[in-house]
Amino acid sequence: MGRFHRHDDGTVHEHDHDDPGHDHDHDHHHHPSHADHWPPHLPDEPLLSEDESRSEQIGDHRGYSTGRERIEVLERIFDENDAAAQANRELLDAAGVKAVNLMSSPGAGKTMLLARTLAALKGKVRCGIIEGDIETALDADRLRGLGAQISLLNTGDGFGGECHLDAPMVARALEGLDLSTIDLLLIENVGNLVCPAEFDVGAHRRAMIASVTEGEDKPLKYPVMFRSVDVVVVNKVDLLPYLDFDIDLFLNNVHSVNPRAGIIETSAKTAEGVGEWIAWLYQLLGIQPT
Amino acid sequence: MHELSLARSIEAIVWRVAGERAVSVVELDVGELRQVVPETLEACWGMLCAGTPLSGSRLEVRRIPGVIHCLECGTETRLGSAPILRCNSCAKQSVEIVSGEEFMVTAVQLEE
C-alpha cells in the first residue's frame, strides 16, 4: 500500500512500506524544486497552538466556520531562507571571509565594476566571486584571469530559472570555493531590482549599482531594493554630460526610501570613483588599503 | 516574480503543520512593504498544489499596512504607495518601521 510521506523540507512522495528495498532513509530528495537544498535542519517547530486567543486580541474578523479546526502557526515565510543565510554567514565567519551581496538591474555594470575591483585588489586581497545568472557563463568568463576564485551559479540549471539568488543556492555555490584561501567574497546576484532584495543570502553587506541611464525615479519604483542596501553605487557617471539625469533628485529619492544609504559615484568604464568603492571594501575587511 | 519560490516555502510550513490532514485555508499576513502580489501568490499556490493533497486549499491574505514611528516626535505615519521614510508631522527621517514587513503564515484551517 502506498503512503504519502512528508519530509521536513516539505517535499512529499509516495512509496510502499512493504518494499523490502525501503530503508527508511528519508534524507534523500526527489523533488526538483529548490526545497531540495533547504538546510537539512530547519528552525525549531513552529509555535503551535489550537487556541485562537491571538486572533481575538488583534481583532481578526476573518470568518471561519467553527466546526473546522484552525491551527495557529505564526511562522515567518522567510525563516527557512534566513536560517540558511545565517548558516552561510557562520561558515564565512569561521573562514574569516567578508561577503558582499551585489545587486542591480540588468546592464547596470555589475560585472564591469567587479572586473575593476578584482584588478585593483589583485595581489592585495584574495577574492572569490559567486556569479549568479539565469543562463550562460558569459559573466564568469569576463572575470577569469583576474586572480579570483569563481563559482558560477546558473539559476536556470536545476534552480527553476530563479530571478534571484537565495541562501540555499549560495550555500551550494560556496561548496565550489576554497574559503580558506580568500578574504573577500563578492556575490553577483541576478540582474533584477525586485526579487533579490527579499532574500538574505548570508552576506555581511548589501550593495547595489544604479546606473544614471536608469532614471531618477527608480528608488521610488523599487523601494524595497533601495531600502535593503548599505550602499548605492551610482554608476556610468561618465555619461552624465549626455543625459538629462538629475543626480540630486535621484539621491534625494534614494534617501527618501533609505535615509542611511551610503552613496558612491563611479564610472566602471573610466575608473572614476572606483577608488571610493575599493575603500568601502577595505573598510568592510577592517584593513588599511595598501 | 519570486512568488513561486515563496509558495514553496509556504507549502513546506503547511506540510509541517498539517501533515496529511486535508487543508482548506492557509491564512497569511502580508505587509504592504513586501513585494508580494497576493493574486500572483494565489495563482502560484494553485499551480503548486495541483495534484497534491493540498489541492483545493486556498490562501487567505490579510494585508498589513506600512507604518513608521518617528524617533524624534513619536508620531506614527501610515505609508502610502511609495514608502517614503519621513515623518508626516516633523518631516524628520529618523524613523523606524513599525509594521508592513510581515510575511508569515498565521494559521491553517483544516477540513472537517
# chains A, B, ... in the order shown; residues from 1 in each chain; ligands from 1
call {"tool": "residues_around", "arguments": {"residues": "stretch 279-285 of chain A", "least_positions_apart": "3", "cutoff": "10 Å", "atoms": "only C-alpha atoms", "output": "ChimeraX atom specification"}}
result
/A:96-100,117,121,125,183-184,204-205,231,262,264,274-276,288-290
call {"tool": "residues_around", "arguments": {"residues": "B:Val25", "least_positions_apart": "2", "cutoff": "10 Å", "atoms": "only C-alpha atoms", "output": "list in words"}}
result
Tyr64 and Arg70 of chain A; Ala22, Val23, Glu27, Leu28, Leu54, Gly56, Ser57, Arg58, Leu59, Glu60, Ala107, Val108, Gln109, Leu110 and Glu111 of chain B
call {"tool": "write_last_selection", "arguments": {"atoms": "N, CA, C and O atoms", "output": "PDB file, in the first residue's frame"}}
result
ATOM      1  N   TYR A  64     -14.346  32.043   9.860  1.00  0.00           N
ATOM      2  CA  TYR A  64     -14.061  30.648   9.581  1.00  0.00           C
ATOM      3  C   TYR A  64     -15.096  29.858  10.334  1.00  0.00           C
ATOM      4  O   TYR A  64     -15.496  30.222  11.436  1.00  0.00           O
ATOM      5  N   ARG A  70      -8.746  25.059  13.446  1.00  0.00           N
ATOM      6  CA  ARG A  70      -7.871  26.115  12.951  1.00  0.00           C
ATOM      7  C   ARG A  70      -6.600  26.076  13.792  1.00  0.00           C
ATOM      8  O   ARG A  70      -6.643  26.233  15.004  1.00  0.00           O
TER       9      ARG A  70
ATOM     10  N   ALA B  22      -6.387  17.147   5.557  1.00  0.00           N
ATOM     11  CA  ALA B  22      -6.807  17.995   4.441  1.00  0.00           C
ATOM     12  C   ALA B  22      -6.904  19.455   4.893  1.00  0.00           C
ATOM     13  O   ALA B  22      -7.490  19.762   5.929  1.00  0.00           O
ATOM     14  N   VAL B  23      -6.333  20.321   4.116  1.00  0.00           N
ATOM     15  CA  VAL B  23      -6.285  21.738   4.455  1.00  0.00           C
ATOM     16  C   VAL B  23      -7.284  22.486   3.591  1.00  0.00           C
ATOM     17  O   VAL B  23      -7.372  22.251   2.386  1.00  0.00           O
ATOM     18  N   GLU B  27      -3.962  30.881   6.145  1.00  0.00           N
ATOM     19  CA  GLU B  27      -4.066  32.320   6.409  1.00  0.00           C
ATOM     20  C   GLU B  27      -2.679  32.943   6.459  1.00  0.00           C
ATOM     21  O   GLU B  27      -1.790  32.427   7.138  1.00  0.00           O
ATOM     22  N   LEU B  28      -2.522  34.051   5.744  1.00  0.00           N
ATOM     23  CA  LEU B  28      -1.237  34.733   5.670  1.00  0.00           C
ATOM     24  C   LEU B  28      -1.382  36.193   6.056  1.00  0.00           C
ATOM     25  O   LEU B  28      -2.392  36.817   5.757  1.00  0.00           O
ATOM     26  N   LEU B  54      -2.733  18.921  -1.102  1.00  0.00           N
ATOM     27  CA  LEU B  54      -3.136  20.300  -0.788  1.00  0.00           C
ATOM     28  C   LEU B  54      -4.041  20.897  -1.861  1.00  0.00           C
ATOM     29  O   LEU B  54      -4.491  22.039  -1.736  1.00  0.00           O
ATOM     30  N   GLY B  56      -7.030  22.126  -3.785  1.00  0.00           N
ATOM     31  CA  GLY B  56      -8.325  22.552  -3.242  1.00  0.00           C
ATOM     32  C   GLY B  56      -8.185  23.520  -2.080  1.00  0.00           C
ATOM     33  O   GLY B  56      -9.144  24.179  -1.699  1.00  0.00           O
ATOM     34  N   SER B  57      -6.992  23.616  -1.518  1.00  0.00           N
ATOM     35  CA  SER B  57      -6.805  24.596  -0.449  1.00  0.00           C
ATOM     36  C   SER B  57      -6.612  25.969  -1.075  1.00  0.00           C
ATOM     37  O   SER B  57      -6.241  26.090  -2.234  1.00  0.00           O
ATOM     38  N   ARG B  58      -6.881  27.010  -0.306  1.00  0.00           N
ATOM     39  CA  ARG B  58      -6.666  28.349  -0.840  1.00  0.00           C
ATOM     40  C   ARG B  58      -5.976  29.226   0.194  1.00  0.00           C
ATOM     41  O   ARG B  58      -5.981  28.934   1.390  1.00  0.00           O
ATOM     42  N   LEU B  59      -5.364  30.286  -0.317  1.00  0.00           N
ATOM     43  CA  LEU B  59      -4.686  31.239   0.550  1.00  0.00           C
ATOM     44  C   LEU B  59      -5.643  32.367   0.895  1.00  0.00           C
ATOM     45  O   LEU B  59      -6.418  32.800   0.051  1.00  0.00           O
ATOM     46  N   GLU B  60      -5.585  32.807   2.121  1.00  0.00           N
ATOM     47  CA  GLU B  60      -6.380  33.962   2.531  1.00  0.00           C
ATOM     48  C   GLU B  60      -5.391  34.992   3.061  1.00  0.00           C
ATOM     49  O   GLU B  60      -4.759  34.774   4.093  1.00  0.00           O
ATOM     50  N   ALA B 107      -2.150  30.986  10.268  1.00  0.00           N
ATOM     51  CA  ALA B 107      -2.996  29.864  10.693  1.00  0.00           C
ATOM     52  C   ALA B 107      -3.287  28.956   9.502  1.00  0.00           C
ATOM     53  O   ALA B 107      -3.212  29.364   8.349  1.00  0.00           O
ATOM     54  N   VAL B 108      -3.599  27.732   9.838  1.00  0.00           N
ATOM     55  CA  VAL B 108      -4.001  26.758   8.840  1.00  0.00           C
ATOM     56  C   VAL B 108      -5.354  26.200   9.260  1.00  0.00           C
ATOM     57  O   VAL B 108      -5.504  25.763  10.403  1.00  0.00           O
ATOM     58  N   GLN B 109      -6.322  26.288   8.364  1.00  0.00           N
ATOM     59  CA  GLN B 109      -7.646  25.739   8.673  1.00  0.00           C
ATOM     60  C   GLN B 109      -7.760  24.376   8.011  1.00  0.00           C
ATOM     61  O   GLN B 109      -7.442  24.214   6.831  1.00  0.00           O
ATOM     62  N   LEU B 110      -8.237  23.419   8.779  1.00  0.00           N
ATOM     63  CA  LEU B 110      -8.365  22.051   8.273  1.00  0.00           C
ATOM     64  C   LEU B 110      -9.806  21.766   7.871  1.00  0.00           C
ATOM     65  O   LEU B 110     -10.729  22.331   8.425  1.00  0.00           O
ATOM     66  N   GLU B 111      -9.942  20.887   6.906  1.00  0.00           N
ATOM     67  CA  GLU B 111     -11.281  20.419   6.562  1.00  0.00           C
ATOM     68  C   GLU B 111     -11.839  19.617   7.723  1.00  0.00           C
ATOM     69  O   GLU B 111     -11.076  19.000   8.495  1.00  0.00           O
TER      70      GLU B 111
END
call {"tool": "interface_residues", "arguments": {"of": "chain B", "to": "chain A", "cutoff": "7 Å", "atoms": "only C-alpha atoms", "output": "PyMOL selection string"}}
result
chain B and resi 1-2+9-12+15-16+19+82-86+93+103-112
call {"tool": "residues_around", "arguments": {"residues": "stretch 207-216 of chain A", "least_positions_apart": "5", "cutoff": "7 Å", "atoms": "only C-alpha atoms", "output": "short mmCIF file (atom, residue, chain, number, x, y, z; two decimals) with C-alpha atoms, in the first residue's frame"}}
result
data_model
loop_
_atom_site.label_atom_id
_atom_site.label_comp_id
_atom_site.auth_asym_id
_atom_site.auth_seq_id
_atom_site.Cartn_x
_atom_site.Cartn_y
_atom_site.Cartn_z
CA VAL A 100 29.06 41.47 -0.20
CA ASN A 101 25.79 40.78 -2.00
CA LEU A 102 25.92 42.94 -5.12
CA MET A 103 22.60 43.63 -6.81
CA SER A 104 21.33 45.79 -9.67
CA ALA A 108 23.91 48.48 -14.70
CA LYS A 110 27.96 44.83 -12.02
CA VAL A 229 21.20 48.04 0.80
CA ASP A 230 24.02 49.59 2.79
CA VAL A 231 25.44 51.44 -0.18
CA VAL A 232 24.24 52.57 -3.61
CA VAL A 233 26.92 52.74 -6.28
CA VAL A 234 25.78 55.30 -8.86
CA ASN A 235 27.50 54.04 -12.00
CA LYS A 236 28.14 55.34 -15.52
CA VAL A 237 28.65 58.91 -14.30
CA PHE A 245 19.63 62.71 -15.43
CA ASP A 246 19.21 64.92 -12.34
CA LEU A 249 16.87 64.41 -7.48
CA PHE A 250 18.00 60.79 -7.72
#
call {"tool": "select_by_dssp", "arguments": {"residues": "stretch 81-289 of chain A", "states": "strand (DSSP E or B)", "output": "PyMOL selection string"}}
result
chain A and resi 98-104+127-133+149-154+184-188+205-211+231-235+262-265
call {"tool": "residues_around", "arguments": {"residues": "B:Glu76", "least_positions_apart": "5", "cutoff": "8 Å", "atoms": "only C-alpha atoms", "output": "MDAnalysis selection string"}}
result
chainID B and resid 67:70 87:88
call {"tool": "decode", "arguments": {"residues": "stretch 87-98 of chain B", "atoms": "all heavy atoms", "output": "compact mmCIF listing (two decimals), in the first residue's frame"}}
result
# COMPACT_ATOMS: atom_id res chain seq x y z
N CYS B 87 8.76 61.37 8.56
CA CYS B 87 7.64 61.61 9.46
C CYS B 87 6.67 62.63 8.86
O CYS B 87 7.09 63.70 8.41
CB CYS B 87 8.16 62.12 10.80
SG CYS B 87 6.84 62.58 11.94
N ASN B 88 5.40 62.32 8.88
CA ASN B 88 4.38 63.22 8.36
C ASN B 88 4.27 64.49 9.17
O ASN B 88 3.88 65.54 8.68
CB ASN B 88 3.01 62.52 8.40
CG ASN B 88 2.51 62.20 7.02
OD1 ASN B 88 3.18 62.52 6.03
ND2 ASN B 88 1.35 61.57 6.93
N SER B 89 4.63 64.40 10.45
CA SER B 89 4.43 65.52 11.34
C SER B 89 5.64 66.46 11.35
O SER B 89 5.50 67.66 11.14
CB SER B 89 4.15 64.98 12.75
OG SER B 89 4.08 66.03 13.67
N CYS B 90 6.85 65.93 11.56
CA CYS B 90 8.02 66.80 11.69
C CYS B 90 8.98 66.68 10.52
O CYS B 90 10.00 67.37 10.49
CB CYS B 90 8.75 66.52 13.01
SG CYS B 90 9.65 64.96 13.03
N ALA B 91 8.71 65.80 9.57
CA ALA B 91 9.50 65.63 8.35
C ALA B 91 10.90 65.08 8.60
O ALA B 91 11.71 65.01 7.69
CB ALA B 91 9.59 66.93 7.55
N LYS B 92 11.15 64.62 9.84
CA LYS B 92 12.47 64.02 10.11
C LYS B 92 12.50 62.60 9.53
O LYS B 92 11.47 61.96 9.35
CB LYS B 92 12.72 63.98 11.63
CG LYS B 92 12.86 65.36 12.27
CD LYS B 92 14.27 65.85 12.13
CE LYS B 92 14.49 67.28 12.61
NZ LYS B 92 13.72 67.70 13.76
N GLN B 93 13.72 62.16 9.29
CA GLN B 93 13.86 60.83 8.70
C GLN B 93 14.42 59.79 9.66
O GLN B 93 14.75 58.67 9.24
CB GLN B 93 14.74 60.91 7.46
CG GLN B 93 13.98 61.46 6.25
CD GLN B 93 14.58 60.97 4.96
OE1 GLN B 93 15.58 61.48 4.52
NE2 GLN B 93 13.96 59.96 4.35
N SER B 94 14.56 60.16 10.92
CA SER B 94 14.98 59.13 11.88
C SER B 94 13.72 58.41 12.34
O SER B 94 13.06 58.80 13.30
CB SER B 94 15.74 59.75 13.05
OG SER B 94 15.03 60.85 13.55
N VAL B 95 13.38 57.39 11.60
CA VAL B 95 12.13 56.68 11.84
C VAL B 95 12.41 55.18 11.88
O VAL B 95 13.45 54.73 11.40
CB VAL B 95 11.11 56.96 10.70
CG1 VAL B 95 10.74 58.43 10.66
CG2 VAL B 95 11.65 56.50 9.35
N GLU B 96 11.50 54.46 12.50
CA GLU B 96 11.61 53.00 12.42
C GLU B 96 10.30 52.45 11.87
O GLU B 96 9.24 53.03 12.07
CB GLU B 96 11.94 52.41 13.80
CG GLU B 96 10.90 52.71 14.84
CD GLU B 96 11.29 52.22 16.24
OE1 GLU B 96 12.44 51.79 16.41
OE2 GLU B 96 10.43 52.30 17.13
N ILE B 97 10.44 51.34 11.18
CA ILE B 97 9.27 50.71 10.60
C ILE B 97 8.56 49.90 11.67
O ILE B 97 9.16 49.06 12.33
CB ILE B 97 9.67 49.82 9.40
CG1 ILE B 97 10.21 50.72 8.28
CG2 ILE B 97 8.49 48.99 8.92
CD1 ILE B 97 10.84 49.96 7.13
N VAL B 98 7.29 50.21 11.88
CA VAL B 98 6.52 49.54 12.91
C VAL B 98 5.80 48.32 12.33
O VAL B 98 5.74 47.26 12.94
CB VAL B 98 5.47 50.51 13.52
CG1 VAL B 98 4.61 49.79 14.55
CG2 VAL B 98 6.15 51.72 14.13
